[in-house]
Structures are given as structure tokens and as C-alpha cells.
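Below: my_file_39.pdb (PDB, C-alpha atoms)
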```pdb
ATOM      1  CA  MET A  23     163.598 -90.467 176.270
ATOM      2  CA  ALA A  24     165.401 -87.420 174.894
ATOM      3  CA  ASN A  25     168.978 -86.909 176.046
ATOM      4  CA  GLU A  26     168.121 -83.646 177.792
ATOM      5  CA  GLU A  27     165.798 -85.601 180.111
ATOM      6  CA  LYS A  28     168.389 -88.243 180.962
ATOM      7  CA  GLU A  29     170.619 -88.012 184.009
ATOM      8  CA  ILE A  30     174.104 -86.689 183.258
ATOM      9  CA  VAL A  31     176.829 -88.388 185.289
ATOM     10  CA  MET A  32     179.891 -86.686 183.786
ATOM     11  CA  GLU A  33     180.729 -83.813 181.466
ATOM     12  CA  LEU A  34     184.067 -82.870 179.976
ATOM     13  CA  LEU A  35     183.163 -79.773 178.016
ATOM     14  CA  PRO A  36     183.471 -78.984 175.168
ATOM     15  CA  LEU A  37     184.212 -82.641 174.377
ATOM     16  CA  ILE A  38     181.772 -85.172 175.801
ATOM     17  CA  ARG A  39     178.738 -85.687 178.024
ATOM     18  CA  VAL A  40     178.079 -89.081 179.648
ATOM     19  CA  TYR A  41     174.654 -90.271 180.845
ATOM     20  CA  LYS A  42     173.695 -92.676 183.586
ATOM     21  CA  ASP A  43     172.495 -95.273 181.061
ATOM     22  CA  GLY A  44     176.019 -95.386 179.573
ATOM     23  CA  THR A  45     175.302 -93.413 176.417
ATOM     24  CA  VAL A  46     177.757 -90.700 175.400
ATOM     25  CA  ASP A  47     177.304 -87.476 173.461
ATOM     26  CA  ARG A  48     180.543 -86.819 171.585
ATOM     27  CA  LEU A  49     180.018 -83.100 171.216
ATOM     28  CA  LEU A  50     182.987 -82.205 169.007
ATOM     29  CA  SER A  51     182.890 -85.145 166.586
ATOM     30  CA  SER A  52     182.278 -84.481 162.904
ATOM     31  CA  PRO A  53     179.821 -86.850 161.185
ATOM     32  CA  ASN A  54     181.087 -90.172 159.881
ATOM     33  CA  VAL A  55     181.205 -90.474 156.084
ATOM     34  CA  PRO A  56     181.345 -93.607 153.921
ATOM     35  CA  PRO A  57     184.502 -94.750 152.117
ATOM     36  CA  SER A  58     184.711 -94.089 148.390
ATOM     37  CA  LEU A  59     185.880 -96.286 145.517
ATOM     38  CA  GLU A  60     187.449 -93.259 143.859
ATOM     39  CA  ASP A  61     187.250 -89.862 145.541
ATOM     40  CA  PRO A  62     186.240 -87.320 142.877
ATOM     41  CA  GLU A  63     188.698 -84.678 144.156
ATOM     42  CA  THR A  64     191.818 -86.832 144.602
ATOM     43  CA  GLY A  65     191.200 -90.178 142.900
ATOM     44  CA  VAL A  66     192.002 -91.935 146.196
ATOM     45  CA  SER A  67     190.074 -95.138 146.936
ATOM     46  CA  SER A  68     189.111 -96.197 150.453
ATOM     47  CA  LYS A  69     187.320 -99.054 152.174
ATOM     48  CA  ASP A  70     186.571-100.132 155.735
ATOM     49  CA  ILE A  71     188.266-103.219 157.145
ATOM     50  CA  VAL A  72     188.367-105.265 160.349
ATOM     51  CA  ILE A  73     191.791-105.555 162.005
ATOM     52  CA  ALA A  74     190.806-107.751 164.969
ATOM     53  CA  ASP A  75     187.666-109.198 166.540
ATOM     54  CA  ASN A  76     188.440-109.411 170.244
ATOM     55  CA  PRO A  77     188.698-106.645 171.199
ATOM     56  CA  PHE A  78     187.175-105.275 168.007
ATOM     57  CA  VAL A  79     189.446-102.953 166.007
ATOM     58  CA  SER A  80     188.462-101.601 162.618
ATOM     59  CA  ALA A  81     190.078 -99.150 160.221
ATOM     60  CA  ARG A  82     189.698 -97.316 156.939
ATOM     61  CA  ILE A  83     192.397 -98.038 154.380
ATOM     62  CA  PHE A  84     193.244 -95.540 151.626
ATOM     63  CA  LEU A  85     194.903 -96.362 148.305
ATOM     64  CA  PRO A  86     196.249 -93.634 145.980
ATOM     65  CA  LYS A  87     195.289 -93.469 142.325
ATOM     66  CA  ASN A  88     198.884 -94.135 141.222
ATOM     67  CA  HIS A  89     199.315 -97.503 142.929
ATOM     68  CA  ASN A  90     199.919 -99.832 140.001
ATOM     69  CA  ASN A  91     203.647 -99.457 139.422
ATOM     70  CA  PRO A  92     205.058-102.968 140.054
ATOM     71  CA  SER A  93     208.575-101.595 140.480
ATOM     72  CA  HIS A  94     207.521 -99.102 143.174
ATOM     73  CA  LYS A  95     205.716-100.392 146.247
ATOM     74  CA  LEU A  96     204.019 -97.798 148.460
ATOM     75  CA  PRO A  97     204.889 -96.726 152.019
ATOM     76  CA  ILE A  98     202.266 -97.419 154.704
ATOM     77  CA  PHE A  99     201.117 -94.604 156.995
ATOM     78  CA  VAL A 100     199.292 -95.838 160.128
ATOM     79  CA  TYR A 101     197.232 -92.847 161.245
ATOM     80  CA  PHE A 102     195.664 -92.150 164.655
ATOM     81  CA  HIS A 103     193.114 -89.349 164.701
ATOM     82  CA  GLY A 104     193.085 -86.578 167.289
ATOM     83  CA  GLY A 105     190.245 -85.733 169.645
ATOM     84  CA  ALA A 106     191.481 -86.083 173.238
ATOM     85  CA  PHE A 107     191.017 -89.890 173.119
ATOM     86  CA  CYS A 108     187.240 -89.302 173.268
ATOM     87  CA  VAL A 109     185.893 -87.641 170.080
ATOM     88  CA  GLU A 110     186.190 -88.105 166.303
ATOM     89  CA  SER A 111     186.759 -91.446 164.566
ATOM     90  CA  ALA A 112     188.708 -93.083 161.760
ATOM     91  CA  PHE A 113     185.640 -92.531 159.562
ATOM     92  CA  SER A 114     184.798 -88.917 160.366
ATOM     93  CA  PHE A 115     184.455 -86.256 157.695
ATOM     94  CA  PHE A 116     187.542 -84.234 158.648
ATOM     95  CA  VAL A 117     189.813 -87.283 158.919
ATOM     96  CA  HIS A 118     188.519 -88.785 155.665
ATOM     97  CA  ARG A 119     188.971 -85.571 153.677
ATOM     98  CA  TYR A 120     192.441 -84.946 155.122
ATOM     99  CA  LEU A 121     193.728 -88.455 154.415
ATOM    100  CA  ASN A 122     192.381 -88.345 150.853
ATOM    101  CA  ILE A 123     194.495 -85.215 150.291
ATOM    102  CA  LEU A 124     197.607 -86.506 152.076
ATOM    103  CA  VAL A 125     197.481 -89.949 150.423
ATOM    104  CA  SER A 126     197.155 -88.425 146.953
ATOM    105  CA  GLN A 127     200.085 -86.047 147.522
ATOM    106  CA  ALA A 128     202.385 -88.480 149.330
ATOM    107  CA  ASN A 129     201.433 -91.547 147.236
ATOM    108  CA  VAL A 130     201.187 -93.775 150.306
ATOM    109  CA  ILE A 131     198.717 -96.320 151.636
ATOM    110  CA  ALA A 132     197.090 -94.914 154.794
ATOM    111  CA  ILE A 133     195.405 -96.956 157.509
ATOM    112  CA  SER A 134     193.182 -94.816 159.731
ATOM    113  CA  VAL A 135     192.708 -96.796 162.950
ATOM    114  CA  ASP A 136     189.383 -96.695 164.787
ATOM    115  CA  PHE A 137     190.799 -97.239 168.266
ATOM    116  CA  ARG A 138     188.612 -97.540 171.365
ATOM    117  CA  LEU A 139     187.567 -94.235 172.957
ATOM    118  CA  LEU A 140     186.937 -92.784 176.392
ATOM    119  CA  PRO A 141     185.083 -92.884 178.684
ATOM    120  CA  HIS A 142     184.312 -96.615 178.428
ATOM    121  CA  HIS A 143     187.825 -97.565 177.339
ATOM    122  CA  PRO A 144     190.536 -95.788 179.368
ATOM    123  CA  LEU A 145     194.166 -96.054 178.351
ATOM    124  CA  PRO A 146     196.011 -98.251 177.528
ATOM    125  CA  ALA A 147     193.098 -99.506 175.331
ATOM    126  CA  ALA A 148     193.926 -97.110 172.455
ATOM    127  CA  TYR A 149     197.633 -97.967 172.729
ATOM    128  CA  GLN A 150     196.804-101.665 172.587
ATOM    129  CA  ASP A 151     194.603-101.170 169.506
ATOM    130  CA  GLY A 152     197.528 -99.398 167.845
ATOM    131  CA  TRP A 153     199.852-102.295 168.664
ATOM    132  CA  THR A 154     197.271-104.808 167.407
ATOM    133  CA  THR A 155     197.168-102.886 164.118
ATOM    134  CA  LEU A 156     200.966-102.944 163.792
ATOM    135  CA  GLN A 157     200.991-106.687 164.476
ATOM    136  CA  TRP A 158     198.302-107.143 161.813
ATOM    137  CA  ILE A 159     200.482-105.280 159.286
ATOM    138  CA  ALA A 160     203.472-107.359 160.382
ATOM    139  CA  SER A 161     201.512-110.556 159.728
ATOM    140  CA  HIS A 162     201.093-109.395 156.107
ATOM    141  CA  ALA A 163     204.817-108.709 155.799
ATOM    142  CA  ALA A 164     205.462-112.251 157.073
ATOM    143  CA  ASN A 165     202.821-113.694 154.704
ATOM    144  CA  ASN A 166     200.820-115.261 157.512
ATOM    145  CA  ALA A 167     197.852-112.895 157.899
ATOM    146  CA  ALA A 168     194.713-114.704 159.053
ATOM    147  CA  THR A 169     192.512-112.533 156.794
ATOM    148  CA  PRO A 170     194.856-110.956 154.246
ATOM    149  CA  GLU A 171     194.184-107.444 152.947
ATOM    150  CA  PRO A 172     194.972-107.440 149.197
ATOM    151  CA  TRP A 173     195.829-103.730 149.061
ATOM    152  CA  LEU A 174     198.692-104.416 151.478
ATOM    153  CA  LEU A 175     199.869-107.647 149.857
ATOM    154  CA  ASP A 176     199.753-106.202 146.336
ATOM    155  CA  TYR A 177     201.000-102.645 146.788
ATOM    156  CA  ALA A 178     202.713-102.075 150.164
ATOM    157  CA  ASP A 179     206.393-101.608 150.947
ATOM    158  CA  PHE A 180     206.782-103.193 154.397
ATOM    159  CA  ASN A 181     210.193-101.577 154.811
ATOM    160  CA  LYS A 182     208.480 -98.171 154.891
ATOM    161  CA  VAL A 183     205.947 -98.303 157.731
ATOM    162  CA  TYR A 184     205.169 -94.926 159.296
ATOM    163  CA  VAL A 185     203.032 -94.143 162.341
ATOM    164  CA  GLY A 186     201.551 -90.782 163.262
ATOM    165  CA  GLY A 187     198.587 -88.563 163.915
ATOM    166  CA  GLU A 188     197.314 -85.395 165.568
ATOM    167  CA  THR A 189     197.459 -84.458 169.278
ATOM    168  CA  SER A 190     196.195 -87.529 171.191
ATOM    169  CA  GLY A 191     196.758 -89.630 168.057
ATOM    170  CA  ALA A 192     200.377 -88.474 167.969
ATOM    171  CA  ASN A 193     200.622 -89.435 171.649
ATOM    172  CA  ILE A 194     199.493 -92.955 170.673
ATOM    173  CA  ALA A 195     202.136 -93.085 167.921
ATOM    174  CA  HIS A 196     204.892 -91.930 170.315
ATOM    175  CA  ASN A 197     203.977 -94.615 172.842
ATOM    176  CA  LEU A 198     203.960 -97.278 170.102
ATOM    177  CA  LEU A 199     207.510 -96.248 169.153
ATOM    178  CA  LEU A 200     208.606 -96.786 172.752
ATOM    179  CA  ARG A 201     206.874-100.168 172.934
ATOM    180  CA  ALA A 202     208.488-101.222 169.656
ATOM    181  CA  GLY A 203     211.850-100.422 171.260
ATOM    182  CA  GLU A 204     211.138-103.004 173.975
ATOM    183  CA  GLU A 205     209.080-105.620 172.167
ATOM    184  CA  SER A 206     209.419-107.095 168.673
ATOM    185  CA  LEU A 207     206.700-107.041 166.047
ATOM    186  CA  HIS A 208     205.899-110.279 164.141
ATOM    187  CA  GLY A 209     208.702-111.311 161.841
ATOM    188  CA  GLY A 210     210.896-108.455 163.039
ATOM    189  CA  LEU A 211     208.907-105.743 161.208
ATOM    190  CA  LYS A 212     210.464-102.322 161.835
ATOM    191  CA  ILE A 213     208.750 -98.942 161.995
ATOM    192  CA  PHE A 214     210.604 -96.672 159.580
ATOM    193  CA  GLY A 215     209.341 -93.238 160.604
ATOM    194  CA  ALA A 216     206.813 -91.155 162.515
ATOM    195  CA  VAL A 217     204.822 -87.981 161.861
ATOM    196  CA  LEU A 218     203.786 -86.440 165.177
ATOM    197  CA  SER A 219     201.572 -83.374 164.702
ATOM    198  CA  SER A 220     201.157 -81.316 167.886
ATOM    199  CA  PRO A 221     201.490 -84.404 170.110
ATOM    200  CA  PHE A 222     199.445 -84.305 173.323
ATOM    201  CA  PHE A 223     202.050 -84.089 176.092
ATOM    202  CA  TRP A 224     201.603 -82.343 179.442
ATOM    203  CA  GLY A 225     202.998 -82.236 182.972
ATOM    204  CA  SER A 226     202.438 -80.919 186.479
ATOM    205  CA  ASN A 227     204.875 -78.007 186.149
ATOM    206  CA  PRO A 228     204.113 -75.323 183.529
ATOM    207  CA  ILE A 229     206.945 -74.733 181.058
ATOM    208  CA  GLY A 230     207.692 -71.979 178.538
ATOM    209  CA  SER A 231     204.653 -69.847 177.812
ATOM    210  CA  GLU A 232     202.174 -72.181 179.541
ATOM    211  CA  PRO A 233     200.109 -70.117 182.018
ATOM    212  CA  VAL A 234     200.884 -70.842 185.670
ATOM    213  CA  GLU A 235     197.439 -69.606 186.701
ATOM    214  CA  GLY A 236     194.852 -72.299 186.006
ATOM    215  CA  HIS A 237     197.371 -75.000 185.038
ATOM    216  CA  GLU A 238     195.770 -77.457 187.475
ATOM    217  CA  GLN A 239     192.341 -76.801 185.885
ATOM    218  CA  SER A 240     193.548 -76.965 182.251
ATOM    219  CA  LEU A 241     191.584 -79.063 179.774
ATOM    220  CA  ALA A 242     194.704 -81.189 179.228
ATOM    221  CA  MET A 243     194.715 -82.094 182.950
ATOM    222  CA  LYS A 244     191.026 -82.997 182.850
ATOM    223  CA  VAL A 245     191.405 -85.100 179.702
ATOM    224  CA  TRP A 246     194.299 -87.042 181.227
ATOM    225  CA  GLY A 247     192.323 -87.597 184.448
ATOM    226  CA  LEU A 248     189.610 -89.236 182.337
ATOM    227  CA  ALA A 249     192.017 -91.031 179.980
ATOM    228  CA  CYS A 250     194.091 -92.702 182.648
ATOM    229  CA  PRO A 251     192.662 -92.131 186.127
ATOM    230  CA  ASP A 252     194.953 -94.699 187.765
ATOM    231  CA  ALA A 253     198.176 -93.679 186.012
ATOM    232  CA  PRO A 254     201.150 -93.894 188.395
ATOM    233  CA  GLY A 255     202.447 -90.353 188.672
ATOM    234  CA  GLY A 256     199.222 -88.871 187.329
ATOM    235  CA  ILE A 257     199.942 -86.115 184.804
ATOM    236  CA  ASP A 258     203.672 -86.869 185.119
ATOM    237  CA  ASN A 259     203.249 -90.453 183.961
ATOM    238  CA  PRO A 260     205.692 -90.968 181.040
ATOM    239  CA  TRP A 261     202.777 -91.815 178.714
ATOM    240  CA  ILE A 262     201.770 -88.129 178.848
ATOM    241  CA  ASN A 263     205.031 -86.516 180.055
ATOM    242  CA  PRO A 264     207.816 -88.255 178.100
ATOM    243  CA  CYS A 265     210.428 -85.729 179.279
ATOM    244  CA  VAL A 266     209.809 -86.166 183.012
ATOM    245  CA  THR A 267     212.667 -87.329 185.239
ATOM    246  CA  GLY A 268     212.687 -91.126 185.270
ATOM    247  CA  ALA A 269     210.837 -91.552 181.951
ATOM    248  CA  PRO A 270     212.181 -94.130 179.486
ATOM    249  CA  SER A 271     215.040 -92.730 177.418
ATOM    250  CA  LEU A 272     213.865 -91.290 174.107
ATOM    251  CA  ALA A 273     216.993 -92.883 172.629
ATOM    252  CA  THR A 274     214.890 -96.077 172.533
ATOM    253  CA  LEU A 275     212.255 -94.676 170.107
ATOM    254  CA  ALA A 276     212.129 -97.469 167.521
ATOM    255  CA  CYS A 277     212.259 -95.792 164.135
ATOM    256  CA  SER A 278     214.769 -94.084 161.845
ATOM    257  CA  LYS A 279     213.227 -90.639 161.399
ATOM    258  CA  ILE A 280     210.671 -88.455 163.152
ATOM    259  CA  LEU A 281     208.877 -85.312 161.988
ATOM    260  CA  ILE A 282     207.317 -83.221 164.780
ATOM    261  CA  THR A 283     205.001 -80.442 163.625
ATOM    262  CA  ILE A 284     203.996 -77.502 165.806
ATOM    263  CA  THR A 285     201.744 -74.472 165.371
ATOM    264  CA  GLY A 286     201.852 -70.995 166.879
ATOM    265  CA  ARG A 287     198.570 -71.141 168.808
ATOM    266  CA  ASP A 288     198.773 -74.671 170.165
ATOM    267  CA  GLU A 289     198.860 -75.262 173.926
ATOM    268  CA  PHE A 290     201.267 -78.202 173.434
ATOM    269  CA  ARG A 291     203.824 -76.141 171.476
ATOM    270  CA  ASP A 292     206.418 -75.742 174.252
ATOM    271  CA  ARG A 293     206.083 -79.423 175.259
ATOM    272  CA  ASN A 294     206.650 -80.444 171.641
ATOM    273  CA  ILE A 295     209.781 -78.277 171.330
ATOM    274  CA  LEU A 296     211.078 -79.792 174.588
ATOM    275  CA  TYR A 297     210.302 -83.286 173.234
ATOM    276  CA  HIS A 298     212.266 -82.515 170.046
ATOM    277  CA  ASP A 299     215.211 -81.181 172.037
ATOM    278  CA  THR A 300     215.121 -84.115 174.468
ATOM    279  CA  ILE A 301     215.235 -86.598 171.576
ATOM    280  CA  LYS A 302     218.269 -84.791 170.127
ATOM    281  CA  GLU A 303     220.039 -84.789 173.501
ATOM    282  CA  SER A 304     219.185 -88.447 174.248
ATOM    283  CA  GLY A 305     221.681 -89.930 171.819
ATOM    284  CA  TRP A 306     218.879 -91.244 169.603
ATOM    285  CA  GLN A 307     220.413 -92.506 166.357
ATOM    286  CA  GLY A 308     217.743 -91.288 163.932
ATOM    287  CA  GLU A 309     216.931 -88.046 162.133
ATOM    288  CA  VAL A 310     214.472 -85.711 163.908
ATOM    289  CA  GLN A 311     212.867 -82.639 162.307
ATOM    290  CA  LEU A 312     210.758 -79.839 163.771
ATOM    291  CA  PHE A 313     208.360 -78.070 161.390
ATOM    292  CA  ASP A 314     206.535 -74.896 162.477
ATOM    293  CA  ALA A 315     203.343 -74.600 160.422
ATOM    294  CA  GLY A 316     202.707 -70.990 161.500
ATOM    295  CA  ASP A 317     200.219 -68.993 163.553
ATOM    296  CA  GLU A 318     197.424 -71.582 163.679
ATOM    297  CA  GLU A 319     195.573 -73.852 166.095
ATOM    298  CA  HIS A 320     196.544 -77.511 166.175
ATOM    299  CA  ALA A 321     194.934 -79.740 163.516
ATOM    300  CA  PHE A 322     194.107 -76.681 161.391
ATOM    301  CA  GLN A 323     195.180 -78.600 158.277
ATOM    302  CA  LEU A 324     192.227 -80.974 158.797
ATOM    303  CA  PHE A 325     189.705 -78.178 159.257
ATOM    304  CA  LYS A 326     191.047 -75.715 156.654
ATOM    305  CA  PRO A 327     193.019 -77.775 154.101
ATOM    306  CA  GLU A 328     192.414 -75.201 151.351
ATOM    307  CA  THR A 329     194.464 -72.478 153.107
ATOM    308  CA  ASP A 330     198.038 -71.662 152.088
ATOM    309  CA  ARG A 331     199.505 -72.689 155.446
ATOM    310  CA  ALA A 332     197.636 -76.009 155.393
ATOM    311  CA  LYS A 333     198.797 -76.701 151.843
ATOM    312  CA  ALA A 334     202.397 -75.960 152.856
ATOM    313  CA  MET A 335     202.148 -78.257 155.881
ATOM    314  CA  ILE A 336     200.580 -81.120 153.917
ATOM    315  CA  LYS A 337     203.251 -80.724 151.226
ATOM    316  CA  HIS A 338     205.945 -80.988 153.926
ATOM    317  CA  LEU A 339     204.340 -84.115 155.427
ATOM    318  CA  ALA A 340     204.057 -85.676 151.970
ATOM    319  CA  SER A 341     207.731 -85.034 151.258
ATOM    320  CA  PHE A 342     208.638 -86.799 154.539
ATOM    321  CA  LEU A 343     206.531 -89.922 153.847
ATOM    322  CA  VAL A 344     208.870 -91.421 151.241
TER     323      VAL A 344
END
```
Encoding of this model in C-alpha cells:
Amino acid sequence: MANEEKEIVMELLPLIRVYKDGTVDRLLSSPNVPPSLEDPETGVSSKDIVIADNPFVSARIFLPKNHNNPSHKLPIFVYFHGGAFCVESAFSFFVHRYLNILVSQANVIAISVDFRLLPHHPLPAAYQDGWTTLQWIASHAANNAATPEPWLLDYADFNKVYVGGETSGANIAHNLLLRAGEESLHGGLKIFGAVLSSPFFWGSNPIGSEPVEGHEQSLAMKVWGLACPDAPGGIDNPWINPCVTGAPSLATLACSKILITITGRDEFRDRNILYHDTIKESGWQGEVQLFDAGDEEHAFQLFKPETDRAKAMIKHLASFLV
């Protein structure tokens, strides 16, 4: 039976459409592409790996061309894709192309995590998949991985683990930093830094240039209602509003340095500036940077990596991932 004949039970346009039989149209996802032994543009190699079986978590791991220097191990960048917790994947065209470019410029190992998506897996499923991935990396650092990944054992610097991503992926990374402040990873592995690009944060009260009219009906509100329908506090739950009164102190973010990137035409811009300022005022002991990539939509560097602004942003990210 064609999808147009099936009964629709829920739509969150322009993102997803859910049918009564449980199938989902992910309307904004780019097609998945295979990994490559050596990308012709960048020389980066990639392969798909299994992180855990129950629940199932997989990933794509990227290795730069210049990985064979025994005196210089490579930082690890654990990447969570954007897409409102419901579209795109670790294997999609835009994510694959972007990480090939970033890995070649930064000379890091990237792990693009294929976390569970809405609507069948509400939060905290994606957060848990992120934590499972960090524990899997930690098991390599402690030399007790159940199924060791040779690219990590041979080439990775476990003192330089970064987490990050775009929008909802950056939200995942932020929440992992808070969890790591409360709970130890295997063998005491530490997260060194974070790259949070236009992190998805929101709240019940509009701030800055956010329009007052229509705030209750904003796409961000609708996404959060689907992502975490039972969240205490709703849109002011600290998972989505880390600056709300009563949220955990950002002084507990468990890493040494954070880069927050913003763009001029992103609806989360004012939230991200507030997040940066709140970190600085919290007494957090690390180094926090705010980078304004210019008059663009969020995630533009994935969609238009050939543009001057995207090149400048990627260069800045690469210089941070050291």
C-alpha cells in the first residue's frame, strides 16, 4: 500500500510524518551514503561499526590520511548529528561529507553516532546512546573493550576526547557534559572539550529577538513536545533550558574547553549567547569561546561547505580540535 493511502497519525512538518502502522517518513533526511576506504576529495577513510547490541547503537568512524605518526596520537571527536532528534543519521550524505572535510583539516578521528530517533525513541534514549558511546571509548582507553576497534587502539589520544554536534546533536553533547560531571566514565576517562554548534535550547519565555507572537506554536516547542512529552517542567526542563532557574549549575560541565558557534539567522542564537554568558558567570573553571559564523542559517557549513563563511567556520573548528 502506498504511503499516501495509509492513515497518518501524526505530522510534525516539515520534519516527519508518522503512520498508523508505525512507519515514519523522515521528510528532511538526506540519503544515506556508504563509508569509503579513502575519500577521493580528502583522503579520509571511514567504516561503520557497532558500539552496543542492546539497545543497538552503531556509528561511522573516520580516520584522517595522516594518521601514521607514532609520536602523535589523534584526538577523538564524538559527533552527534542535528535534525531535531528525528531526521538525518550518522550515515547521511551531508554528515558524511562534512566530517570528511573536518577530519582532514583537524587531523582527528571522528565517531559519528547513530543514536535512536523520535518518534519511537523519546528522550533520554539519544542521551543514553551518547553515554554508551563514551563508555565504549573509555573501555578502549582502559584496554578492556569487549570488541576492540583497532583505529582507536592504534591511533587515538584518549586524553583528547571531544564531544559535539549541530542543534539537537549539540544539545546531546551538552547533556553528556553535565552527566559526566555527576557520574564517572570507565577508568576515569575525561572529556577534554566540546564543540556546540547552534545548540538546540529553548524556554517558555521569549528572550532577545525571539518573537513573542507565536512562541507557543514555534517549531522548537513542537519538537520538544515530541522529544520529551513527559519532561518535568515541559519546555523549561533543564535538558532543553539549561539557563532556567533551578537548573544544574553550568560550573559542573565536565570538560576543559568549550566552543559555541552561532549564526546570524538561527532561531537559537539568543539562547546560545545566554548559555555562553551563563557558563562564564557560573564559575566554571574551563575556557569558553563564542564564534559567530555570520549571516547564515544553522548547519549551513554542512549544506554549503564550499562557501567562504563555511570554510572559515570549519577552519575555526579544526583549530579548536587539537
Would you pick out the contacts of Ala147 of chain A at 12 Å or less, using only C-alpha atoms, so that residues sharing its chain but fewer than 2 positions from it are not included, and give the list as a compact mmCIF listing (two decimals) with C-alpha atoms, in the frame of the given file?
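Result saved to result22.txt:
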```txt
# COMPACT_ATOMS: atom_id res chain seq x y z
CA PRO A 77 188.70 -106.64 171.20
CA PHE A 78 187.18 -105.28 168.01
CA VAL A 79 189.45 -102.95 166.01
CA PHE A 107 191.02 -89.89 173.12
CA CYS A 108 187.24 -89.30 173.27
CA ASP A 136 189.38 -96.70 164.79
CA PHE A 137 190.80 -97.24 168.27
CA ARG A 138 188.61 -97.54 171.36
CA LEU A 139 187.57 -94.24 172.96
CA LEU A 140 186.94 -92.78 176.39
CA PRO A 141 185.08 -92.88 178.68
CA HIS A 142 184.31 -96.62 178.43
CA HIS A 143 187.82 -97.56 177.34
CA PRO A 144 190.54 -95.79 179.37
CA LEU A 145 194.17 -96.05 178.35
CA TYR A 149 197.63 -97.97 172.73
CA GLN A 150 196.80 -101.66 172.59
CA ASP A 151 194.60 -101.17 169.51
CA GLY A 152 197.53 -99.40 167.84
CA TRP A 153 199.85 -102.30 168.66
CA THR A 154 197.27 -104.81 167.41
CA ILE A 194 199.49 -92.96 170.67
CA ALA A 249 192.02 -91.03 179.98
CA CYS A 250 194.09 -92.70 182.65
```
Which residue is closest to Phe342 of chain A? Choose from A:His237, A:His89, A:Lys182, A:Arg293 and count all atoms listed in the file.
A:Lys182
Report, in Å to a single decimal, how far apart atom CA of Thr285 of chain A and atom CA of Lys333 of chain A are.
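The value is 14.0 Å.
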If the PyMOL selection byres ((chain A and resi 288) around 10) were run on this exact file, what residues would it hold? Put them as a ChimeraX atom specification.
/A:189,220,284-287,289-292,294,317-321
For each of A:His196, A:Ala334, A:Ala202, A:Leu96, take the minimum atom-to-atom distance to Phe180 of chain A, counting only C-alpha atoms, then give the residue where this is smallest.
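Once distances to Phe180 of chain A are computed over only C-alpha atoms, the minimum belongs to A:Leu96.
Minimum distance to Ile336 of chain A across A:Asn122, A:Asn197, A:Asn165, A:Thr267 (counting all atoms listed in the file) occurs at A:Asn122.
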Interatomic distance, atom CA of Ser190 of chain A to atom CA of Phe116 of chain A (Å, one decimal)
15.6 Å
Hey, what comes out of the PyMOL selection byres ((chain A and resi 95) around 12) on this file? Could you write it as a PDB file with C-alpha atoms, in the coordinates of the input?
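So part-v1.pdb came out as:
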```
ATOM      1  CA  LEU A  85     194.903 -96.362 148.305  1.00  0.00           C
ATOM      2  CA  PRO A  86     196.249 -93.634 145.980  1.00  0.00           C
ATOM      3  CA  ASN A  88     198.884 -94.135 141.222  1.00  0.00           C
ATOM      4  CA  HIS A  89     199.315 -97.503 142.929  1.00  0.00           C
ATOM      5  CA  ASN A  90     199.919 -99.832 140.001  1.00  0.00           C
ATOM      6  CA  ASN A  91     203.647 -99.457 139.422  1.00  0.00           C
ATOM      7  CA  PRO A  92     205.058-102.968 140.054  1.00  0.00           C
ATOM      8  CA  SER A  93     208.575-101.595 140.480  1.00  0.00           C
ATOM      9  CA  HIS A  94     207.521 -99.102 143.174  1.00  0.00           C
ATOM     10  CA  LEU A  96     204.019 -97.798 148.460  1.00  0.00           C
ATOM     11  CA  PRO A  97     204.889 -96.726 152.019  1.00  0.00           C
ATOM     12  CA  ILE A  98     202.266 -97.419 154.704  1.00  0.00           C
ATOM     13  CA  ASN A 129     201.433 -91.547 147.236  1.00  0.00           C
ATOM     14  CA  VAL A 130     201.187 -93.775 150.306  1.00  0.00           C
ATOM     15  CA  ILE A 131     198.717 -96.320 151.636  1.00  0.00           C
ATOM     16  CA  TRP A 173     195.829-103.730 149.061  1.00  0.00           C
ATOM     17  CA  LEU A 174     198.692-104.416 151.478  1.00  0.00           C
ATOM     18  CA  LEU A 175     199.869-107.647 149.857  1.00  0.00           C
ATOM     19  CA  ASP A 176     199.753-106.202 146.336  1.00  0.00           C
ATOM     20  CA  TYR A 177     201.000-102.645 146.788  1.00  0.00           C
ATOM     21  CA  ALA A 178     202.713-102.075 150.164  1.00  0.00           C
ATOM     22  CA  ASP A 179     206.393-101.608 150.947  1.00  0.00           C
ATOM     23  CA  PHE A 180     206.782-103.193 154.397  1.00  0.00           C
ATOM     24  CA  ASN A 181     210.193-101.577 154.811  1.00  0.00           C
ATOM     25  CA  LYS A 182     208.480 -98.171 154.891  1.00  0.00           C
ATOM     26  CA  VAL A 183     205.947 -98.303 157.731  1.00  0.00           C
ATOM     27  CA  VAL A 344     208.870 -91.421 151.241  1.00  0.00           C
TER      28      VAL A 344
END
```
